[in-house]
Amino acid sequence: MNEKMTSPSNVSAKDHEQPLKLLSALHQLTLESMLADTRQELIFRILNRTILLFQYDRALLCRINESDSKLLGISGQSVVNKNSEMYQLWLNALKKIKPATQPQELTLESFNGLKQEDWETLQKKSNGLSIVWVPIVSRDKVVAGLWLERWQGAGWNLGEIQLLKSLGITFGAAWSKFDSRISWRGLFKNIFSRQKTFLLIATLILISILIKIPLRIVAPCEVMPKDPFVVTAPLDGVVKEILVKPGQAVKNGDLLFTYDKRIALEEFNITKQQVQVIESTLKSTKMQAFNNPSSRADIQILKQKLKQELIKLDLAEYRISRLDVHAEKNGIAVLDDPNTWRGKPTLVGEKILIIVDPKKMKLRIWLPEDDNITFDKEKPIKVYLNAFPEETMTANLSYIAPNVGSSPEGVPSVLGEAQ
């Protein structure tokens, strides 16, 4: 039996690294929520800062009330569009969630009277939706609920749901601060004069205008080459072998791929022999023309045939010269599995591979329709990629599509590009 042996020190480090990160994130969320000065600030942090704990694609926060429930906010959006189709779907679903005091993953059975077609519409909008519901309890009463979404069929595991139980308790404690029955109007009246109160309010308004809180939007993002050099098939033929591997660095003049040379060489030899035959016949006919004037007419015909065959010979030589394809610039080769090209027939102009400059890249961003906001192209944006979550990429928006299209996953989105 073959097994890999791992040292105890390595096992210990690996086993404790992830729990420590989760504990640190939970501690930071606890501090931020408890230090929130207003309920609106707390709502913003619940929606947009919970991402520190684990990844999700969208978050909703709903106020739970016996007479009426209200959607308080959506992650990445400063204002909730109450006229959108999604708002009505969310509000209808939130009102029908069965009462619960523990986090749970939502299914159609988790609702009272939600229509099958409404549930399927929610699923279709995100191309496979997984939702977890986190009740927020204040003073032994469920006062709000956090709705967390994952798209593309990504689900939730039991450990994450258990961790959300602790997070719900934290948010409930922070929420209870703003349920105090202290008369703030009387407090201000006793402490401040009317003039000082107005001055304080004006100062707070000025600070809220000057200090801008960055918005976070979760959107599919693709790193793409900018102005790539496309290597196409120079002629019709059968590829013999691709000589570069995906991601390989190439230099100008390096051999990229070759064609099967047998047919081209055979055509060249046949055409060359045909030229030699016509040249010999033409020479013989010219000699006969001295004694037989009728042979002079054949000379012009043979000259035309020779001219055609010489053109064919030049074309055959050109085809032979293009059987080996070389790189025309430095860069990184980007292509699919090279083995799939072996013995494959190609047409002139068909794309074989591309050569990209790793220093010249751009971002293609698919902004979900409901998360599309007004962007200032003069200011850079910060991008966090799933592949490198600890690093920040800075980019400048260069293009935002004026209309809504469909992303590769089928989600209604607005296309954006950044350099």
# chains A, B, ... in the order shown; residues from 1 in each chain; ligands from 1
>>> residues_around(residues="Val250 in chain A", least_positions_apart="5", cutoff="8 Å", atoms="only C-alpha atoms", output="list in words")
Ala327, Lys329, Asn330, Gly331, Ile332 and Ala333 of chain A
>>> residues_around(residues="Asp118 in chain A", least_positions_apart="6", cutoff="12 Å", atoms="only C-alpha atoms", output="PDB file with N, CA and C atoms, in the first residue's frame")
ATOM      1  N   GLU A  85     -38.630  44.199 -11.095  1.00  0.00           N
ATOM      2  CA  GLU A  85     -39.289  42.890 -10.997  1.00  0.00           C
ATOM      3  C   GLU A  85     -38.683  42.064  -9.863  1.00  0.00           C
ATOM      4  N   MET A  86     -37.336  42.127  -9.707  1.00  0.00           N
ATOM      5  CA  MET A  86     -36.677  41.349  -8.678  1.00  0.00           C
ATOM      6  C   MET A  86     -37.099  41.797  -7.278  1.00  0.00           C
ATOM      7  N   GLN A  88     -40.007  42.903  -6.304  1.00  0.00           N
ATOM      8  CA  GLN A  88     -41.310  42.318  -5.993  1.00  0.00           C
ATOM      9  C   GLN A  88     -41.186  40.826  -5.690  1.00  0.00           C
ATOM     10  N   LEU A  89     -40.321  40.115  -6.447  1.00  0.00           N
ATOM     11  CA  LEU A  89     -40.114  38.689  -6.186  1.00  0.00           C
ATOM     12  C   LEU A  89     -39.513  38.464  -4.803  1.00  0.00           C
ATOM     13  N   TRP A  90     -38.468  39.265  -4.478  1.00  0.00           N
ATOM     14  CA  TRP A  90     -37.821  39.126  -3.173  1.00  0.00           C
ATOM     15  C   TRP A  90     -38.799  39.422  -2.044  1.00  0.00           C
ATOM     16  N   LEU A  91     -39.522  40.542  -2.155  1.00  0.00           N
ATOM     17  CA  LEU A  91     -40.429  40.955  -1.092  1.00  0.00           C
ATOM     18  C   LEU A  91     -41.515  39.910  -0.872  1.00  0.00           C
ATOM     19  N   ASN A  92     -42.043  39.358  -1.962  1.00  0.00           N
ATOM     20  CA  ASN A  92     -43.071  38.327  -1.858  1.00  0.00           C
ATOM     21  C   ASN A  92     -42.529  37.078  -1.160  1.00  0.00           C
ATOM     22  N   ALA A  93     -41.290  36.692  -1.522  1.00  0.00           N
ATOM     23  CA  ALA A  93     -40.681  35.509  -0.914  1.00  0.00           C
ATOM     24  C   ALA A  93     -40.348  35.747   0.554  1.00  0.00           C
ATOM     25  N   LYS A  96     -43.125  35.334   3.025  1.00  0.00           N
ATOM     26  CA  LYS A  96     -43.684  33.991   3.165  1.00  0.00           C
ATOM     27  C   LYS A  96     -42.714  32.978   3.770  1.00  0.00           C
ATOM     28  N   LEU A 108     -38.128  25.330  -1.440  1.00  0.00           N
ATOM     29  CA  LEU A 108     -39.515  25.739  -1.663  1.00  0.00           C
ATOM     30  C   LEU A 108     -40.376  25.414  -0.438  1.00  0.00           C
ATOM     31  N   PHE A 111     -41.134  27.990   2.654  1.00  0.00           N
ATOM     32  CA  PHE A 111     -42.032  29.134   2.513  1.00  0.00           C
ATOM     33  C   PHE A 111     -43.480  28.689   2.737  1.00  0.00           C
ATOM     34  N   LYS A 124     -33.814  30.834 -11.962  1.00  0.00           N
ATOM     35  CA  LYS A 124     -33.374  31.117 -13.327  1.00  0.00           C
ATOM     36  C   LYS A 124     -32.580  32.416 -13.389  1.00  0.00           C
ATOM     37  N   LYS A 125     -32.959  33.405 -12.583  1.00  0.00           N
ATOM     38  CA  LYS A 125     -32.263  34.691 -12.608  1.00  0.00           C
ATOM     39  C   LYS A 125     -30.791  34.563 -12.248  1.00  0.00           C
TER      40      LYS A 125
END
>>> atom_distance(atom1="CA of Leu323 in chain A", atom2="CA of Thr258 in chain A")
5.6 Å
>>> residues_around(residues="range 363-367 of chain A", least_positions_apart="6", cutoff="10 Å", atoms="only C-alpha atoms", output="PyMOL selection string")
chain A and resi 217-226+373+383+395-400+404-409+411-419
>>> atom_distance(atom1="CA of Glu279 in chain A", atom2="CA of Lys312 in chain A")
14.6 Å
>>> closest_atom_pairs(of="range 234-334 of chain A", to="range 352-355 of chain A", cutoff="12 Å", atoms="only C-alpha atoms", output="tab-separated table")
residue	atom	partner	partner_atom	distance
A:Pro234	CA	A:Ile352	CA	10.1
A:Leu235	CA	A:Ile352	CA	11.9
A:Val239	CA	A:Ile352	CA	10.0
A:Glu241	CA	A:Ile352	CA	11.6
A:Ile242	CA	A:Ile352	CA	9.3
A:Leu243	CA	A:Leu353	CA	11.6
A:Val244	CA	A:Leu353	CA	9.9
A:Lys245	CA	A:Leu353	CA	10.4
A:Pro246	CA	A:Leu353	CA	9.2
A:Gly247	CA	A:Ile355	CA	9.4
A:Gln248	CA	A:Ile355	CA	9.7
A:Ala249	CA	A:Ile355	CA	8.9
A:Val250	CA	A:Ile355	CA	8.2
A:Lys251	CA	A:Ile355	CA	9.9
A:Asn252	CA	A:Ile355	CA	10.5
A:Asp254	CA	A:Ile355	CA	11.9
A:Leu256	CA	A:Leu353	CA	9.3
A:Phe257	CA	A:Ile352	CA	9.3
A:Thr258	CA	A:Ile352	CA	11.5
A:Val325	CA	A:Ile352	CA	10.7
A:His326	CA	A:Ile355	CA	11.6
A:Ala327	CA	A:Ile355	CA	8.4
A:Glu328	CA	A:Ile355	CA	9.1
A:Lys329	CA	A:Ile355	CA	7.7
A:Asn330	CA	A:Ile355	CA	7.6
A:Gly331	CA	A:Ile355	CA	5.5
A:Ile332	CA	A:Ile355	CA	5.3
A:Ala333	CA	A:Ile355	CA	4.7
A:Val334	CA	A:Ile354	CA	5.3
>>> write_last_selection(atoms="C-alpha atoms", output="PDB file, in the first residue's frame")
ATOM      1  CA  PRO A 234      -1.818  30.411 -43.826  1.00  0.00           C
ATOM      2  CA  LEU A 235      -3.192  27.786 -46.243  1.00  0.00           C
ATOM      3  CA  VAL A 239      -1.743  20.082 -39.377  1.00  0.00           C
ATOM      4  CA  GLU A 241       2.009  18.890 -35.116  1.00  0.00           C
ATOM      5  CA  ILE A 242       1.686  21.840 -32.735  1.00  0.00           C
ATOM      6  CA  LEU A 243       5.165  22.432 -31.299  1.00  0.00           C
ATOM      7  CA  VAL A 244       4.268  24.828 -28.447  1.00  0.00           C
ATOM      8  CA  LYS A 245       2.413  24.151 -25.228  1.00  0.00           C
ATOM      9  CA  PRO A 246      -0.334  26.285 -23.645  1.00  0.00           C
ATOM     10  CA  GLY A 247       1.237  29.083 -21.609  1.00  0.00           C
ATOM     11  CA  GLN A 248       4.686  28.627 -23.179  1.00  0.00           C
ATOM     12  CA  ALA A 249       6.785  31.748 -23.756  1.00  0.00           C
ATOM     13  CA  VAL A 250       7.719  32.189 -27.427  1.00  0.00           C
ATOM     14  CA  LYS A 251      10.027  34.587 -29.256  1.00  0.00           C
ATOM     15  CA  ASN A 252       9.861  36.094 -32.700  1.00  0.00           C
ATOM     16  CA  ASP A 254      10.148  30.363 -32.999  1.00  0.00           C
ATOM     17  CA  LEU A 256       4.848  27.176 -33.717  1.00  0.00           C
ATOM     18  CA  PHE A 257       3.393  24.359 -35.834  1.00  0.00           C
ATOM     19  CA  THR A 258       3.930  22.459 -39.089  1.00  0.00           C
ATOM     20  CA  VAL A 325       4.634  28.532 -39.261  1.00  0.00           C
ATOM     21  CA  HIS A 326       6.819  30.751 -37.060  1.00  0.00           C
ATOM     22  CA  ALA A 327       5.981  33.318 -34.372  1.00  0.00           C
ATOM     23  CA  GLU A 328       5.955  36.932 -35.527  1.00  0.00           C
ATOM     24  CA  LYS A 329       6.230  38.514 -32.060  1.00  0.00           C
ATOM     25  CA  ASN A 330       7.275  37.753 -28.483  1.00  0.00           C
ATOM     26  CA  GLY A 331       4.686  36.683 -25.916  1.00  0.00           C
ATOM     27  CA  ILE A 332       2.814  33.793 -24.317  1.00  0.00           C
ATOM     28  CA  ALA A 333       1.135  31.132 -26.482  1.00  0.00           C
ATOM     29  CA  VAL A 334      -2.545  30.607 -25.657  1.00  0.00           C
TER      30      VAL A 334
END
>>> atom_distance(atom1="CA of Ala100 in chain A", atom2="CA of Asn157 in chain A")
18.6 Å
>>> closest_atom_pairs(of="range 100-155 of chain A", to="range 59-77 of chain A", cutoff="12 Å", atoms="only C-alpha atoms", output="Markdown table")
| residue | atom | partner | partner_atom | distance |
| --- | --- | --- | --- | --- |
| A:Ala100 | CA | A:Ile64 | CA | 11.4 |
| A:Ser130 | CA | A:Ala59 | CA | 11.8 |
| A:Ile131 | CA | A:Ala59 | CA | 9.5 |
| A:Val132 | CA | A:Ala59 | CA | 9.9 |
| A:Trp133 | CA | A:Leu60 | CA | 9.8 |
| A:Val134 | CA | A:Leu61 | CA | 9.6 |
| A:Pro135 | CA | A:Ile64 | CA | 9.3 |
| A:Ile136 | CA | A:Ile64 | CA | 9.3 |
| A:Val137 | CA | A:Ile64 | CA | 10.2 |
| A:Ser138 | CA | A:Ile64 | CA | 11.3 |
| A:Lys141 | CA | A:Ile64 | CA | 9.6 |
| A:Val142 | CA | A:Ile64 | CA | 6.8 |
| A:Val143 | CA | A:Ile64 | CA | 5.0 |
| A:Ala144 | CA | A:Arg63 | CA | 4.3 |
| A:Gly145 | CA | A:Cys62 | CA | 5.3 |
| A:Leu146 | CA | A:Leu61 | CA | 4.8 |
| A:Trp147 | CA | A:Leu60 | CA | 4.9 |
| A:Leu148 | CA | A:Ala59 | CA | 4.6 |
| A:Glu149 | CA | A:Ala59 | CA | 6.2 |
| A:Arg150 | CA | A:Ala59 | CA | 9.2 |
| A:Trp151 | CA | A:Ala59 | CA | 11.7 |
>>> select_by_dssp(residues="range 12-248 of chain A", states="strand (DSSP E)", output="PyMOL selection string")
chain A and resi 58-63+70-74+104-106+130-138+141-150+221-225+229-232+237-242
>>> closest_residue(among="A:Thr232, A:Thr346, A:Gln273, A:Asn403", to="Leu310 in chain A", atoms="only C-alpha atoms")
A:Gln273
>>> residues_around(residues="Gly343 in chain A", least_positions_apart="4", cutoff="10 Å", atoms="only C-alpha atoms", output="PyMOL selection string")
chain A and resi 237-241+259-260+339
>>> residues_around(residues="Thr38 in chain A", least_positions_apart="5", cutoff="12 Å", atoms="only C-alpha atoms", output="count of residues only")
11
>>> closest_residue(among="A:Gln102, A:Ser321, A:Asn127, A:Thr285", to="Ile161 in chain A", atoms="only C-alpha atoms")
A:Gln102
>>> residues_around(residues="Leu265 in chain A", least_positions_apart="4", cutoff="9 Å", atoms="only C-alpha atoms", output="list in words")
Lys261, Asn269, Ile270, Ala316, Glu317 and Ile320 of chain A
>>> closest_residue(among="A:Ile51, A:Leu42, A:Leu114, A:Ile263", to="Ile97 in chain A", atoms="only C-alpha atoms")
A:Leu114
>>> select_by_dssp(residues="range 87-153 of chain A", states="alpha helix (DSSP H)", output="list in words")
Tyr87, Gln88, Leu89, Trp90, Leu91, Asn92, Ala93, Leu94, Lys95, Gln116, Glu117, Asp118, Trp119, Glu120, Thr121, Leu122, Gln123, Lys124 and Lys125 of chain A
>>> decode(residues="range 340-367 of chain A", atoms="N, CA and C atoms", output="PDB file, in the first residue's frame")
ATOM      1  N   THR A 340      -5.187  17.869 -30.021  1.00  0.00           N
ATOM      2  CA  THR A 340      -6.419  17.837 -30.805  1.00  0.00           C
ATOM      3  C   THR A 340      -6.208  18.363 -32.222  1.00  0.00           C
ATOM      4  N   TRP A 341      -5.092  19.065 -32.454  1.00  0.00           N
ATOM      5  CA  TRP A 341      -4.813  19.606 -33.784  1.00  0.00           C
ATOM      6  C   TRP A 341      -4.054  18.604 -34.669  1.00  0.00           C
ATOM      7  N   ARG A 342      -3.502  17.577 -34.082  1.00  0.00           N
ATOM      8  CA  ARG A 342      -2.703  16.632 -34.852  1.00  0.00           C
ATOM      9  C   ARG A 342      -3.588  15.924 -35.897  1.00  0.00           C
ATOM     10  N   GLY A 343      -3.234  16.079 -37.200  1.00  0.00           N
ATOM     11  CA  GLY A 343      -3.985  15.448 -38.286  1.00  0.00           C
ATOM     12  C   GLY A 343      -5.293  16.140 -38.616  1.00  0.00           C
ATOM     13  N   LYS A 344      -5.512  17.349 -38.088  1.00  0.00           N
ATOM     14  CA  LYS A 344      -6.771  18.056 -38.323  1.00  0.00           C
ATOM     15  C   LYS A 344      -6.666  18.944 -39.561  1.00  0.00           C
ATOM     16  N   PRO A 345      -7.612  18.855 -40.514  1.00  0.00           N
ATOM     17  CA  PRO A 345      -7.585  19.744 -41.680  1.00  0.00           C
ATOM     18  C   PRO A 345      -7.988  21.164 -41.294  1.00  0.00           C
ATOM     19  N   THR A 346      -7.354  22.155 -41.913  1.00  0.00           N
ATOM     20  CA  THR A 346      -7.654  23.552 -41.620  1.00  0.00           C
ATOM     21  C   THR A 346      -7.937  24.297 -42.914  1.00  0.00           C
ATOM     22  N   LEU A 347      -8.631  25.415 -42.787  1.00  0.00           N
ATOM     23  CA  LEU A 347      -8.911  26.310 -43.900  1.00  0.00           C
ATOM     24  C   LEU A 347      -8.110  27.589 -43.723  1.00  0.00           C
ATOM     25  N   VAL A 348      -7.867  28.280 -44.806  1.00  0.00           N
ATOM     26  CA  VAL A 348      -7.123  29.537 -44.747  1.00  0.00           C
ATOM     27  C   VAL A 348      -7.854  30.515 -43.825  1.00  0.00           C
ATOM     28  N   GLY A 349      -7.122  31.109 -42.880  1.00  0.00           N
ATOM     29  CA  GLY A 349      -7.698  32.088 -41.977  1.00  0.00           C
ATOM     30  C   GLY A 349      -8.252  31.513 -40.689  1.00  0.00           C
ATOM     31  N   GLU A 350      -8.272  30.190 -40.551  1.00  0.00           N
ATOM     32  CA  GLU A 350      -8.789  29.593 -39.330  1.00  0.00           C
ATOM     33  C   GLU A 350      -7.822  29.846 -38.166  1.00  0.00           C
ATOM     34  N   LYS A 351      -8.366  30.251 -37.000  1.00  0.00           N
ATOM     35  CA  LYS A 351      -7.516  30.571 -35.841  1.00  0.00           C
ATOM     36  C   LYS A 351      -6.935  29.296 -35.245  1.00  0.00           C
ATOM     37  N   ILE A 352      -5.624  29.283 -35.058  1.00  0.00           N
ATOM     38  CA  ILE A 352      -4.934  28.145 -34.453  1.00  0.00           C
ATOM     39  C   ILE A 352      -4.593  28.445 -32.995  1.00  0.00           C
ATOM     40  N   LEU A 353      -4.011  29.609 -32.742  1.00  0.00           N
ATOM     41  CA  LEU A 353      -3.645  30.018 -31.384  1.00  0.00           C
ATOM     42  C   LEU A 353      -3.480  31.526 -31.362  1.00  0.00           C
ATOM     43  N   ILE A 354      -3.267  32.080 -30.176  1.00  0.00           N
ATOM     44  CA  ILE A 354      -2.976  33.506 -30.051  1.00  0.00           C
ATOM     45  C   ILE A 354      -1.719  33.695 -29.214  1.00  0.00           C
ATOM     46  N   ILE A 355      -1.034  34.803 -29.457  1.00  0.00           N
ATOM     47  CA  ILE A 355       0.151  35.169 -28.681  1.00  0.00           C
ATOM     48  C   ILE A 355      -0.170  36.473 -27.957  1.00  0.00           C
ATOM     49  N   VAL A 356      -0.043  36.459 -26.630  1.00  0.00           N
ATOM     50  CA  VAL A 356      -0.422  37.618 -25.834  1.00  0.00           C
ATOM     51  C   VAL A 356       0.786  38.163 -25.090  1.00  0.00           C
ATOM     52  N   ASP A 357       0.725  39.451 -24.824  1.00  0.00           N
ATOM     53  CA  ASP A 357       1.734  40.119 -24.007  1.00  0.00           C
ATOM     54  C   ASP A 357       1.220  40.140 -22.569  1.00  0.00           C
ATOM     55  N   PRO A 358       1.871  39.444 -21.621  1.00  0.00           N
ATOM     56  CA  PRO A 358       1.356  39.386 -20.245  1.00  0.00           C
ATOM     57  C   PRO A 358       1.287  40.742 -19.559  1.00  0.00           C
ATOM     58  N   LYS A 359       1.973  41.744 -20.108  1.00  0.00           N
ATOM     59  CA  LYS A 359       1.929  43.072 -19.518  1.00  0.00           C
ATOM     60  C   LYS A 359       0.751  43.891 -20.025  1.00  0.00           C
ATOM     61  N   LYS A 360       0.063  43.379 -21.044  1.00  0.00           N
ATOM     62  CA  LYS A 360      -1.076  44.096 -21.618  1.00  0.00           C
ATOM     63  C   LYS A 360      -2.324  43.237 -21.440  1.00  0.00           C
ATOM     64  N   MET A 361      -3.046  43.473 -20.338  1.00  0.00           N
ATOM     65  CA  MET A 361      -4.246  42.711 -20.038  1.00  0.00           C
ATOM     66  C   MET A 361      -5.405  43.666 -19.766  1.00  0.00           C
ATOM     67  N   LYS A 362      -6.608  43.147 -19.856  1.00  0.00           N
ATOM     68  CA  LYS A 362      -7.802  43.924 -19.533  1.00  0.00           C
ATOM     69  C   LYS A 362      -8.802  43.029 -18.809  1.00  0.00           C
ATOM     70  N   LEU A 363      -9.774  43.657 -18.176  1.00  0.00           N
ATOM     71  CA  LEU A 363     -10.814  42.944 -17.437  1.00  0.00           C
ATOM     72  C   LEU A 363     -12.143  43.071 -18.172  1.00  0.00           C
ATOM     73  N   ARG A 364     -12.819  41.957 -18.314  1.00  0.00           N
ATOM     74  CA  ARG A 364     -14.197  41.970 -18.826  1.00  0.00           C
ATOM     75  C   ARG A 364     -15.114  41.635 -17.663  1.00  0.00           C
ATOM     76  N   ILE A 365     -16.013  42.552 -17.342  1.00  0.00           N
ATOM     77  CA  ILE A 365     -16.865  42.435 -16.157  1.00  0.00           C
ATOM     78  C   ILE A 365     -18.323  42.337 -16.598  1.00  0.00           C
ATOM     79  N   TRP A 366     -19.035  41.359 -16.032  1.00  0.00           N
ATOM     80  CA  TRP A 366     -20.472  41.207 -16.298  1.00  0.00           C
ATOM     81  C   TRP A 366     -21.225  41.669 -15.051  1.00  0.00           C
ATOM     82  N   LEU A 367     -21.745  42.903 -15.092  1.00  0.00           N
ATOM     83  CA  LEU A 367     -22.459  43.472 -13.962  1.00  0.00           C
ATOM     84  C   LEU A 367     -23.912  43.006 -14.001  1.00  0.00           C
TER      85      LEU A 367
END
